[in-house]
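Participant: So here's target33.csv (CSV, C-alpha atoms).
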chain,number,residue,atom,x,y,z
A,1,MET,CA,28.0,-8.8,5.4
A,2,GLU,CA,26.6,-6.8,2.5
A,3,GLU,CA,23.6,-9.1,2.3
A,4,GLU,CA,22.9,-8.7,6.0
A,5,ASP,CA,23.0,-4.9,5.5
A,6,PHE,CA,20.6,-5.1,2.6
A,7,LYS,CA,18.2,-7.2,4.6
A,8,THR,CA,18.0,-4.8,7.5
A,9,ARG,CA,17.6,-1.9,5.1
A,10,LEU,CA,14.8,-3.8,3.3
A,11,LYS,CA,13.1,-4.4,6.7
A,12,SER,CA,13.1,-0.8,7.7
A,13,ALA,CA,11.9,0.3,4.3
A,14,LYS,CA,9.0,-2.2,4.6
A,15,ILE,CA,8.0,-0.9,8.0
A,16,LYS,CA,8.2,2.7,6.7
A,17,ALA,CA,6.1,1.8,3.7
A,18,LYS,CA,3.5,0.2,6.0
A,19,SER,CA,3.2,3.2,8.3
A,20,LYS,CA,2.9,5.4,5.2
A,21,TYR,CA,-0.1,3.3,3.9
A,22,SER,CA,-2.0,3.6,7.2
A,23,GLU,CA,-1.5,7.3,7.5
A,24,ASN,CA,-3.7,7.9,4.5
A,25,LYS,CA,-3.1,11.5,3.7
A,26,ASP,CA,-5.9,13.4,2.1
A,27,THR,CA,-4.6,15.9,-0.5
A,28,SER,CA,-6.5,18.7,-2.0
A,29,THR,CA,-6.9,16.9,-5.3
A,30,SER,CA,-8.7,14.0,-3.7
A,31,GLY,CA,-11.0,16.5,-2.0
A,32,MET,CA,-12.0,17.8,-5.4
A,33,GLY,CA,-12.5,14.2,-6.5
A,34,HIS,CA,-14.9,13.7,-3.5
A,35,ALA,CA,-16.8,16.7,-4.5
A,36,PHE,CA,-17.3,15.4,-8.1
A,37,LYS,CA,-18.2,12.0,-6.7
A,38,MET,CA,-21.0,13.3,-4.4
A,39,SER,CA,-22.6,15.6,-6.9
A,40,THR,CA,-23.0,12.9,-9.5
A,41,GLU,CA,-24.1,10.3,-6.9
A,42,LEU,CA,-27.0,12.5,-5.9
A,43,VAL,CA,-28.2,12.9,-9.5
A,44,ALA,CA,-27.6,9.4,-10.7
A,45,ALA,CA,-29.8,7.8,-8.0
A,46,VAL,CA,-32.7,10.1,-8.9
A,47,ALA,CA,-32.2,9.2,-12.6
A,48,VAL,CA,-32.1,5.4,-11.8
A,49,GLY,CA,-35.2,5.6,-9.6
A,50,THR,CA,-37.1,7.5,-12.3
A,51,ILE,CA,-36.1,5.1,-15.0
A,52,ILE,CA,-37.2,2.1,-12.9
A,53,GLY,CA,-40.5,3.8,-12.2
A,54,PHE,CA,-41.0,4.5,-15.9
A,55,ILE,CA,-40.3,0.9,-16.9
A,56,LEU,CA,-42.5,-0.6,-14.2
A,57,ASP,CA,-45.3,1.8,-15.1
A,58,ASN,CA,-45.1,0.6,-18.7
A,59,TRP,CA,-45.2,-3.0,-17.5
A,60,PHE,CA,-48.2,-2.8,-15.2
A,61,GLY,CA,-50.0,0.1,-16.9
A,62,THR,CA,-50.2,2.1,-13.8
A,63,LYS,CA,-49.2,5.5,-15.2
A,64,PRO,CA,-48.3,7.8,-13.5
A,65,TRP,CA,-48.1,6.4,-10.0
A,66,LEU,CA,-45.1,4.2,-9.9
A,67,ILE,CA,-42.9,6.8,-11.6
A,68,LEU,CA,-43.9,9.3,-8.9
A,69,ILE,CA,-43.2,6.9,-6.1
A,70,PHE,CA,-39.9,5.7,-7.5
A,71,PHE,CA,-38.8,9.3,-8.2
A,72,PHE,CA,-39.0,10.1,-4.5
A,73,VAL,CA,-37.4,6.8,-3.6
A,74,GLY,CA,-34.6,7.7,-5.9
A,75,VAL,CA,-34.2,11.1,-4.2
A,76,ILE,CA,-34.0,9.4,-0.8
A,77,ALA,CA,-31.4,6.9,-2.2
A,78,GLY,CA,-29.4,9.8,-3.6
A,79,ILE,CA,-29.4,11.6,-0.3
A,80,MET,CA,-28.5,8.4,1.5
A,81,ASN,CA,-25.6,7.9,-0.9
A,82,VAL,CA,-24.2,11.3,-0.1
A,83,ILE,CA,-24.6,10.8,3.6
A,84,LYS,CA,-22.8,7.5,3.4
A,85,SER,CA,-19.8,8.8,1.5
A,86,ALA,CA,-19.7,11.8,3.8
A,87,ARG,CA,-19.5,9.4,6.8
A,88,LYS,CA,-16.8,7.5,5.0
A,89,MET,CA,-14.8,10.7,4.5
A,90,GLN,CA,-15.2,11.7,8.2
A,91,LYS,CA,-14.0,8.3,9.4
A,92,LYS,CA,-10.7,9.0,7.6
B,1,MET,CA,-18.4,24.4,-39.6
B,2,ALA,CA,-15.3,24.2,-37.4
B,3,SER,CA,-16.4,27.1,-35.3
B,4,ASN,CA,-19.2,25.1,-33.8
B,5,PRO,CA,-18.0,24.2,-30.3
B,6,MET,CA,-19.7,20.8,-30.5
B,7,TYR,CA,-18.0,19.9,-33.8
B,8,GLN,CA,-15.0,18.5,-32.0
B,9,PHE,CA,-17.1,15.6,-30.8
B,10,ASN,CA,-18.1,14.4,-34.2
B,11,VAL,CA,-17.4,10.8,-34.9
B,12,TYR,CA,-16.6,10.1,-38.5
B,13,ARG,CA,-15.4,7.1,-40.5
B,14,ILE,CA,-11.8,6.6,-41.4
B,15,GLY,CA,-11.3,4.2,-44.3
B,16,PRO,CA,-13.8,1.7,-45.7
B,17,GLU,CA,-17.2,0.9,-44.3
B,18,ILE,CA,-17.3,-2.4,-42.4
B,19,LYS,CA,-20.6,-4.0,-41.6
B,20,LEU,CA,-21.2,-7.0,-39.3
B,21,GLY,CA,-24.8,-7.9,-40.1
B,22,SER,CA,-26.7,-4.7,-39.6
B,23,VAL,CA,-24.2,-3.3,-37.2
B,24,ASP,CA,-21.7,-0.7,-38.5
B,25,ILE,CA,-18.3,-1.5,-37.1
B,26,SER,CA,-16.2,0.8,-39.3
B,27,PHE,CA,-13.0,2.2,-38.0
B,28,THR,CA,-13.7,5.8,-36.8
B,29,ASN,CA,-11.6,8.6,-35.3
B,30,ALA,CA,-12.8,7.5,-31.9
B,31,SER,CA,-11.4,4.0,-32.5
B,32,LEU,CA,-8.2,5.6,-33.9
B,33,PHE,CA,-7.6,7.5,-30.7
B,34,MET,CA,-8.3,4.4,-28.5
B,35,VAL,CA,-5.8,2.5,-30.5
B,36,ILE,CA,-3.3,5.4,-30.2
B,37,SER,CA,-3.7,5.6,-26.4
B,38,SER,CA,-3.5,1.8,-25.9
B,39,LEU,CA,-0.3,1.7,-28.1
B,40,ALA,CA,1.2,4.6,-26.2
B,41,ILE,CA,0.6,2.8,-22.9
B,42,LEU,CA,2.1,-0.4,-24.2
B,43,ILE,CA,5.2,1.2,-25.7
B,44,ILE,CA,5.9,3.5,-22.6
B,45,PHE,CA,5.5,0.7,-20.1
B,46,ASN,CA,7.3,-1.9,-22.1
B,47,LEU,CA,10.3,0.4,-22.6
B,48,GLY,CA,10.1,1.5,-19.0
B,49,ALA,CA,10.1,-2.1,-17.7
B,50,LYS,CA,12.9,-3.3,-20.0
B,51,LYS,CA,16.1,-2.0,-18.4
B,52,LYS,CA,15.6,-2.4,-14.7
B,53,THR,CA,18.6,-0.4,-13.7
B,54,LEU,CA,19.2,0.7,-10.1
B,55,ILE,CA,19.2,4.3,-11.0
B,56,PRO,CA,16.2,4.6,-13.3
B,57,ASP,CA,16.1,6.6,-16.5
B,58,LYS,CA,13.0,8.8,-17.2
B,59,LEU,CA,10.8,6.1,-18.7
B,60,GLN,CA,11.6,3.6,-15.9
B,61,LEU,CA,10.9,6.2,-13.3
B,62,LEU,CA,7.6,7.0,-14.9
B,63,SER,CA,6.4,3.4,-15.0
B,64,GLU,CA,7.7,2.7,-11.5
B,65,LEU,CA,6.0,5.9,-10.1
B,66,SER,CA,2.7,5.0,-11.8
B,67,TYR,CA,3.0,1.4,-10.5
B,68,SER,CA,3.5,2.5,-6.9
B,69,PHE,CA,0.8,5.2,-7.2
B,70,VAL,CA,-1.8,2.7,-8.3
B,71,ALA,CA,-0.6,0.0,-5.8
B,72,LYS,CA,-0.9,2.5,-3.0
B,73,MET,CA,-4.4,3.6,-4.2
B,74,ILE,CA,-5.6,0.0,-4.2
B,75,SER,CA,-4.1,-0.9,-0.8
B,76,ASP,CA,-5.5,2.3,0.7
B,77,THR,CA,-9.1,1.8,-0.5
B,78,ALA,CA,-9.6,-1.9,-1.0
B,79,GLY,CA,-7.0,-3.5,1.2
B,80,SER,CA,-4.7,-6.4,0.5
B,81,LYS,CA,-7.5,-8.7,-0.8
B,82,ALA,CA,-7.7,-6.6,-3.9
B,83,LYS,CA,-4.1,-7.3,-5.0
B,84,PRO,CA,-5.2,-9.9,-7.7
B,85,TYR,CA,-7.1,-7.2,-9.4
B,86,PHE,CA,-4.2,-4.8,-9.6
B,87,SER,CA,-3.5,-5.4,-13.3
B,88,PHE,CA,-7.2,-4.6,-14.2
B,89,ILE,CA,-7.3,-1.4,-12.2
B,90,PHE,CA,-3.9,-0.3,-13.5
B,91,SER,CA,-4.9,-0.8,-17.1
B,92,LEU,CA,-8.2,0.9,-16.5
B,93,PHE,CA,-6.6,3.9,-14.9
B,94,MET,CA,-3.9,4.2,-17.6
B,95,PHE,CA,-6.4,3.8,-20.4
B,96,VAL,CA,-8.7,6.6,-19.1
B,97,LEU,CA,-5.8,8.8,-18.2
B,98,PHE,CA,-4.2,8.5,-21.6
B,99,CYS,CA,-7.5,9.0,-23.4
B,100,ASN,CA,-8.1,12.1,-21.4
B,101,MET,CA,-4.6,13.4,-21.9
B,102,PHE,CA,-4.5,12.7,-25.7
B,103,GLY,CA,-7.7,14.7,-25.8
B,104,MET,CA,-5.8,17.7,-24.6
B,105,ILE,CA,-3.7,17.8,-27.7
B,106,PRO,CA,-5.1,20.4,-30.2
B,107,TYR,CA,-7.1,18.7,-33.0
B,108,ALA,CA,-7.1,15.4,-31.1
B,109,PHE,CA,-10.4,13.6,-30.4
B,110,THR,CA,-11.4,13.0,-26.8
B,111,VAL,CA,-12.6,9.4,-26.6
B,112,THR,CA,-13.9,9.8,-23.0
B,113,SER,CA,-16.2,12.7,-23.9
B,114,HIS,CA,-18.7,10.2,-25.4
B,115,ILE,CA,-21.0,8.7,-22.8
B,116,ILE,CA,-21.1,5.3,-24.6
B,117,VAL,CA,-17.4,4.8,-24.1
B,118,THR,CA,-17.5,5.7,-20.4
B,119,PHE,CA,-20.7,3.8,-19.9
B,120,VAL,CA,-19.3,0.6,-21.4
B,121,LEU,CA,-16.3,0.9,-19.1
B,122,ALA,CA,-18.6,1.5,-16.1
B,123,ALA,CA,-21.0,-1.3,-17.0
B,124,PHE,CA,-18.1,-3.7,-17.4
B,125,ILE,CA,-16.9,-2.8,-13.9
B,126,PHE,CA,-20.4,-3.0,-12.5
B,127,VAL,CA,-21.0,-6.5,-13.9
B,128,GLY,CA,-17.5,-7.7,-13.0
B,129,VAL,CA,-17.8,-6.4,-9.4
B,130,THR,CA,-21.2,-8.0,-9.0
B,131,ILE,CA,-19.9,-11.3,-10.3
B,132,ILE,CA,-16.9,-11.1,-7.9
B,133,GLY,CA,-19.2,-10.4,-5.0
B,134,PHE,CA,-21.4,-13.4,-5.7
B,135,MET,CA,-18.4,-15.6,-6.3
B,136,LYS,CA,-16.8,-14.6,-2.9
B,137,HIS,CA,-19.9,-14.6,-0.8
B,138,GLY,CA,-22.5,-16.6,-2.7
B,139,LEU,CA,-26.1,-15.5,-2.0
B,140,GLY,CA,-24.7,-13.8,1.1
B,141,TYR,CA,-23.7,-10.9,-1.2
B,142,LEU,CA,-27.4,-9.9,-1.1
B,143,LYS,CA,-26.9,-8.8,2.5
B,144,LEU,CA,-25.4,-5.7,0.9
B,145,PHE,CA,-29.0,-4.6,0.3
B,146,VAL,CA,-30.1,-5.3,3.9
B,147,PRO,CA,-28.3,-3.0,6.4
B,148,SER,CA,-28.3,-4.3,9.9
B,149,GLY,CA,-30.4,-2.6,12.7
B,150,VAL,CA,-33.3,-1.6,10.6
B,151,PRO,CA,-36.9,-2.1,11.9
B,152,MET,CA,-38.9,-4.6,10.0
B,153,VAL,CA,-41.5,-2.1,9.0
B,154,LEU,CA,-39.0,0.0,7.1
B,155,LEU,CA,-37.1,-2.9,5.6
B,156,PRO,CA,-39.0,-3.1,2.2
B,157,LEU,CA,-38.4,0.6,1.6
B,158,ILE,CA,-34.8,0.4,2.6
B,159,VAL,CA,-34.1,-2.6,0.4
B,160,VAL,CA,-35.6,-0.7,-2.6
B,161,ILE,CA,-33.5,2.3,-1.8
B,162,GLU,CA,-30.3,0.2,-1.5
B,163,ILE,CA,-31.0,-1.5,-4.8
B,164,ILE,CA,-31.5,1.8,-6.5
B,165,SER,CA,-28.3,3.2,-5.0
B,166,TYR,CA,-26.5,0.1,-6.1
B,167,LEU,CA,-27.8,0.4,-9.7
B,168,SER,CA,-26.9,4.1,-9.8
B,169,ARG,CA,-23.2,3.2,-9.5
B,170,PRO,CA,-22.4,2.7,-13.1
B,171,ILE,CA,-24.5,5.7,-14.1
B,172,SER,CA,-22.8,8.1,-11.7
B,173,LEU,CA,-19.4,6.6,-12.7
B,174,SER,CA,-19.9,7.1,-16.4
B,175,VAL,CA,-21.8,10.4,-16.3
B,176,ARG,CA,-19.1,12.0,-14.1
B,177,LEU,CA,-16.2,11.2,-16.5
B,178,PHE,CA,-18.2,12.0,-19.6
B,179,ALA,CA,-19.7,15.3,-18.3
B,180,ASN,CA,-16.4,16.6,-17.1
B,181,MET,CA,-14.6,15.9,-20.3
B,182,MET,CA,-17.3,17.2,-22.6
B,183,ALA,CA,-18.0,20.3,-20.6
B,184,GLY,CA,-14.4,21.2,-20.3
B,185,HIS,CA,-13.6,20.7,-24.0
B,186,THR,CA,-16.7,22.7,-25.0
B,187,MET,CA,-15.8,25.5,-22.7
B,188,MET,CA,-12.3,25.7,-24.2
B,189,LYS,CA,-13.7,25.7,-27.7
B,190,VAL,CA,-16.1,28.5,-26.8
B,191,PHE,CA,-13.4,30.7,-25.3
B,192,GLY,CA,-11.2,29.9,-28.4
B,193,GLY,CA,-14.1,31.2,-30.5
B,194,PHE,CA,-14.3,34.4,-28.5
B,195,VAL,CA,-10.6,35.1,-29.2
B,196,ILE,CA,-11.3,34.9,-32.9
B,197,SER,CA,-14.5,37.0,-32.8
B,198,LEU,CA,-13.1,39.8,-30.6
B,199,GLY,CA,-10.0,40.1,-32.7
B,200,ILE,CA,-6.7,41.7,-31.8
B,201,VAL,CA,-8.3,44.4,-29.6
B,202,GLY,CA,-10.5,42.5,-27.2
B,203,GLY,CA,-9.2,39.0,-27.7
B,204,TRP,CA,-6.6,39.0,-25.0
B,205,LEU,CA,-8.9,38.4,-22.1
B,206,PRO,CA,-10.5,35.2,-23.5
B,207,LEU,CA,-7.0,34.1,-24.6
B,208,SER,CA,-5.8,34.3,-21.1
B,209,PHE,CA,-8.9,32.5,-19.9
B,210,SER,CA,-8.1,29.8,-22.5
B,211,VAL,CA,-4.6,29.4,-21.2
B,212,ALA,CA,-5.9,29.0,-17.6
B,213,LEU,CA,-8.6,26.6,-18.7
B,214,THR,CA,-6.1,24.4,-20.4
B,215,GLY,CA,-4.2,24.0,-17.2
B,216,LEU,CA,-7.5,23.3,-15.4
B,217,GLU,CA,-8.5,20.8,-18.0
B,218,ILE,CA,-5.2,18.9,-17.6
B,219,LEU,CA,-5.9,18.8,-13.9
B,220,VAL,CA,-9.4,17.5,-14.5
B,221,ALA,CA,-8.2,14.9,-17.0
B,222,PHE,CA,-5.9,13.5,-14.4
B,223,LEU,CA,-8.4,13.8,-11.6
B,224,GLN,CA,-11.2,12.1,-13.4
B,225,ALA,CA,-9.0,9.2,-14.3
B,226,TYR,CA,-8.0,9.0,-10.6
B,227,VAL,CA,-11.6,9.2,-9.4
B,228,PHE,CA,-12.7,6.6,-11.9
B,229,ALA,CA,-10.0,4.2,-10.7
B,230,ILE,CA,-10.6,4.9,-7.0
B,231,LEU,CA,-14.3,4.4,-7.2
B,232,THR,CA,-13.6,1.0,-8.9
B,233,CYS,CA,-11.5,0.2,-5.9
B,234,ILE,CA,-14.3,1.2,-3.5
B,235,TYR,CA,-16.8,-0.9,-5.3
B,236,LEU,CA,-14.3,-3.8,-5.4
B,237,ASN,CA,-13.8,-3.3,-1.6
B,238,ASP,CA,-17.6,-3.5,-1.0
B,239,ALA,CA,-17.7,-6.8,-3.0
B,240,LEU,CA,-14.6,-8.3,-1.3
B,241,ASN,CA,-15.1,-7.3,2.3
B,242,LEU,CA,-18.8,-6.9,2.6
B,243,HIS,CA,-19.1,-4.8,5.8
B,244,HIS,CA,-21.8,-2.3,5.7
Please rewrite the model in this file as structure tokens.
Facilitator:
Amino acid sequence: MEEEDFKTRLKSAKIKAKSKYSENKDTSTSGMGHAFKMSTELVAAVAVGTIIGFILDNWFGTKPWLILIFFFVGVIAGIMNVIKSARKMQKK
Amino acid sequence: MASNPMYQFNVYRIGPEIKLGSVDISFTNASLFMVISSLAILIIFNLGAKKKTLIPDKLQLLSELSYSFVAKMISDTAGSKAKPYFSFIFSLFMFVLFCNMFGMIPYAFTVTSHIIVTFVLAAFIFVGVTIIGFMKHGLGYLKLFVPSGVPMVLLPLIVVIEIISYLSRPISLSVRLFANMMAGHTMMKVFGGFVISLGIVGGWLPLSFSVALTGLEILVAFLQAYVFAILTCIYLNDALNLHH
């Protein structure tokens, strides 16, 4: 009897837990987290692009062309990063 | 000079100098605080998991709450496939959280305010996630760099952009944690210096700022650990599920 009772309670608790997971509430703290995330994503891509350009320039001896190209490619990548994560946020 | 706001980030040797070849691996204050935070995690969670009573005491409640918090975070962001990586993400989150929180104690050293520490964590995650991706999908993991529905003319440019944005992950992950911790602690130290230099007459304003900043820093310490862990989950999700 008691075991039966426990089983039904466990079942309802599991269902409750599942519905809680799918709700996916966004609290204000995770909003602040998103803001931090986006700002650094934008900068990091530019930095990585510039570093890649610098290294390739040193390899091929094409200073300063590749660093210029990769800087702008990095800027594009950063903006795309931000757009992507903004889309992800909107989906939620 | 203790009044220098950057002095708190000094790394110095504790005990004898140890050398491995030409590499200095002496025990420093940074290593000391890493050991302290790891030990604190081990002790708290071992004691918390020991009793298993139905009505939990404080330590058990703490460890159960943090377990369900991280478990929910993983299932929300990376789905059920990420369950096997729970222990890694949990220890990562706890390590970063405890390092940040121990840094809030006066005279303590903040391990995560050094970019090399956060970068090693991020690089480890980056390499691990890439290996997991290749193990799960083989060479198909490279599809991550080729989004669908892009005209052939633009493809080379898009692939380069995607590779750059993939490589920027460990940098953004490490710089975010490091910059937040360092900026916050420097700011607190600067306001603390104002209190001393303005004296008993004008020192009350920066003192109240300091109190407010301490609260903010505790929030940031938690938040950055949370963001670090949740981004690891997101990267893991990309590697496991591969939909673009």
Participant: Leaving out Lys88 of chain A and any residue of its chain fewer than 5 positions from it, which residues lie within 12 Å of it when counting only C-alpha atoms, given as a PDB file with C-alpha atoms, keeping the file's coordinate frame?
Facilitator:
ATOM      1  CA  HIS A  34     -14.900  13.700  -3.500  1.00  0.00           C
ATOM      2  CA  MET A  38     -21.000  13.300  -4.400  1.00  0.00           C
ATOM      3  CA  ASN A  81     -25.600   7.900  -0.900  1.00  0.00           C
ATOM      4  CA  VAL A  82     -24.200  11.300  -0.100  1.00  0.00           C
ATOM      5  CA  ILE A  83     -24.600  10.800   3.600  1.00  0.00           C
TER       6      ILE A  83
ATOM      7  CA  THR B  77      -9.100   1.800  -0.500  1.00  0.00           C
ATOM      8  CA  ILE B 234     -14.300   1.200  -3.500  1.00  0.00           C
ATOM      9  CA  HIS B 244     -21.800  -2.300   5.700  1.00  0.00           C
TER      10      HIS B 244
END
Participant: Please indicate the distance in Å from atom CA of Ile116 of chain B to atom CA of Ala183 of chain B, rounded to one decimal place.
Facilitator: 15.8 Å
Participant: Would you mind reading off the distance between atom CA of Val46 of chain A and atom CA of Val73 of chain A, one decimal, in Å?
Facilitator: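 Going from atom CA of Val46 of chain A over to atom CA of Val73 of chain A covers 7.8 Å.
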Participant: Based on all atoms listed in the file, which of the residues in chain A come within 6 Å of chain B? I want them as a VMD selection string.
Facilitator: chain A and resid 33 40 to 41 44 to 45 48 77
Participant: Store the residues picked out above in a file with C-alpha atoms, as a short mmCIF file (atom, residue, chain, number, x, y, z; two decimals), in the frame of the given file.
Facilitator:
data_model
loop_
_atom_site.label_atom_id
_atom_site.label_comp_id
_atom_site.auth_asym_id
_atom_site.auth_seq_id
_atom_site.Cartn_x
_atom_site.Cartn_y
_atom_site.Cartn_z
CA GLY A 33 -12.50 14.20 -6.50
CA THR A 40 -23.00 12.90 -9.50
CA GLU A 41 -24.10 10.30 -6.90
CA ALA A 44 -27.60 9.40 -10.70
CA ALA A 45 -29.80 7.80 -8.00
CA VAL A 48 -32.10 5.40 -11.80
CA ALA A 77 -31.40 6.90 -2.20
#
Participant: Residues at most 9 Å from Val129 of chain B, counting all atoms listed in the file, excluding those fewer than 5 positions away in the same chain, as a ChimeraX atom specification?
Facilitator: /B:124,134,232,235-236,238-240
Participant: What gap, in Å, lies between atom CA of Thr28 of chain B and atom CA of Ala40 of chain B?
Facilitator: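 Atom CA of Ala40 of chain B lies 18.3 Å from atom CA of Thr28 of chain B.
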Participant: Find the spatial neighbours of His137 of chain B, counting all atoms listed in the file, within a cut-off of 12 Å - ignore same-chain residues fewer than 2 positions away - and output them as a ChimeraX atom specification.
Facilitator: /B:130-135,139-144,238-243
Participant: Could you name the residues that touch Thr110 of chain B at 10 Å or less, counting all atoms listed in the file, but leaving out those on the same chain fewer than 3 positions away, as a VMD selection string?
Facilitator: chain B and resid 8 to 9 29 to 30 33 to 34 98 to 105 107 113 to 114 178 181 to 182 185
Participant: Just want the 10 Å neighbourhood of Ile196 of chain B, counted on only C-alpha atoms, with same-chain residues fewer than 6 positions away dropped. Output as a VMD selection string.
Facilitator: chain B and resid 3 202 to 203 206 to 207
Participant: Return segment 13-37 of chain B, completed with N, CA and C atoms, as a compact mmCIF listing (two decimals), in the frame of the given file.
Facilitator:
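Written out: part-v5.txt:
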# COMPACT_ATOMS: atom_id res chain seq x y z
N ARG B 13 -16.08 8.29 -40.04
CA ARG B 13 -15.40 7.10 -40.50
C ARG B 13 -14.08 7.34 -41.06
N ILE B 14 -13.12 6.49 -40.73
CA ILE B 14 -11.80 6.60 -41.40
C ILE B 14 -11.68 5.26 -42.17
N GLY B 15 -11.43 5.38 -43.48
CA GLY B 15 -11.30 4.20 -44.30
C GLY B 15 -12.59 3.59 -44.70
N PRO B 16 -12.59 2.33 -45.10
CA PRO B 16 -13.80 1.70 -45.70
C PRO B 16 -14.86 1.42 -44.67
N GLU B 17 -16.08 1.30 -45.16
CA GLU B 17 -17.20 0.90 -44.30
C GLU B 17 -17.19 -0.56 -44.05
N ILE B 18 -17.23 -0.96 -42.78
CA ILE B 18 -17.30 -2.40 -42.40
C ILE B 18 -18.58 -2.68 -41.76
N LYS B 19 -19.28 -3.71 -42.23
CA LYS B 19 -20.60 -4.00 -41.60
C LYS B 19 -20.57 -5.46 -41.12
N LEU B 20 -21.06 -5.62 -39.88
CA LEU B 20 -21.20 -7.00 -39.30
C LEU B 20 -22.71 -7.16 -39.14
N GLY B 21 -23.30 -7.87 -40.11
CA GLY B 21 -24.80 -7.90 -40.10
C GLY B 21 -25.32 -6.56 -40.37
N SER B 22 -26.18 -6.07 -39.45
CA SER B 22 -26.70 -4.70 -39.60
C SER B 22 -25.95 -3.70 -38.79
N VAL B 23 -24.89 -4.17 -38.09
CA VAL B 23 -24.20 -3.30 -37.20
C VAL B 23 -22.96 -2.68 -37.94
N ASP B 24 -22.84 -1.36 -37.84
CA ASP B 24 -21.70 -0.70 -38.50
C ASP B 24 -20.53 -0.72 -37.56
N ILE B 25 -19.49 -1.44 -37.93
CA ILE B 25 -18.30 -1.50 -37.10
C ILE B 25 -17.09 -0.89 -37.76
N SER B 26 -17.34 0.14 -38.57
CA SER B 26 -16.20 0.80 -39.30
C SER B 26 -15.26 1.42 -38.32
N PHE B 27 -14.05 1.59 -38.79
CA PHE B 27 -13.00 2.20 -38.00
C PHE B 27 -13.22 3.74 -38.02
N THR B 28 -13.41 4.33 -36.84
CA THR B 28 -13.70 5.80 -36.80
C THR B 28 -12.53 6.50 -36.12
N ASN B 29 -12.67 7.84 -36.04
CA ASN B 29 -11.60 8.60 -35.30
C ASN B 29 -11.58 8.25 -33.87
N ALA B 30 -12.76 7.88 -33.30
CA ALA B 30 -12.80 7.50 -31.90
C ALA B 30 -11.93 6.19 -31.73
N SER B 31 -12.13 5.22 -32.63
CA SER B 31 -11.40 4.00 -32.50
C SER B 31 -9.87 4.28 -32.70
N LEU B 32 -9.57 5.22 -33.62
CA LEU B 32 -8.20 5.60 -33.90
C LEU B 32 -7.50 6.05 -32.59
N PHE B 33 -8.22 6.94 -31.86
CA PHE B 33 -7.60 7.50 -30.70
C PHE B 33 -7.52 6.47 -29.53
N MET B 34 -8.47 5.52 -29.50
CA MET B 34 -8.30 4.40 -28.50
C MET B 34 -7.12 3.60 -28.83
N VAL B 35 -6.92 3.30 -30.12
CA VAL B 35 -5.80 2.50 -30.50
C VAL B 35 -4.48 3.26 -30.16
N ILE B 36 -4.47 4.57 -30.46
CA ILE B 36 -3.30 5.40 -30.20
C ILE B 36 -2.96 5.34 -28.68
N SER B 37 -3.98 5.55 -27.84
CA SER B 37 -3.70 5.60 -26.40
C SER B 37 -3.24 4.22 -25.90
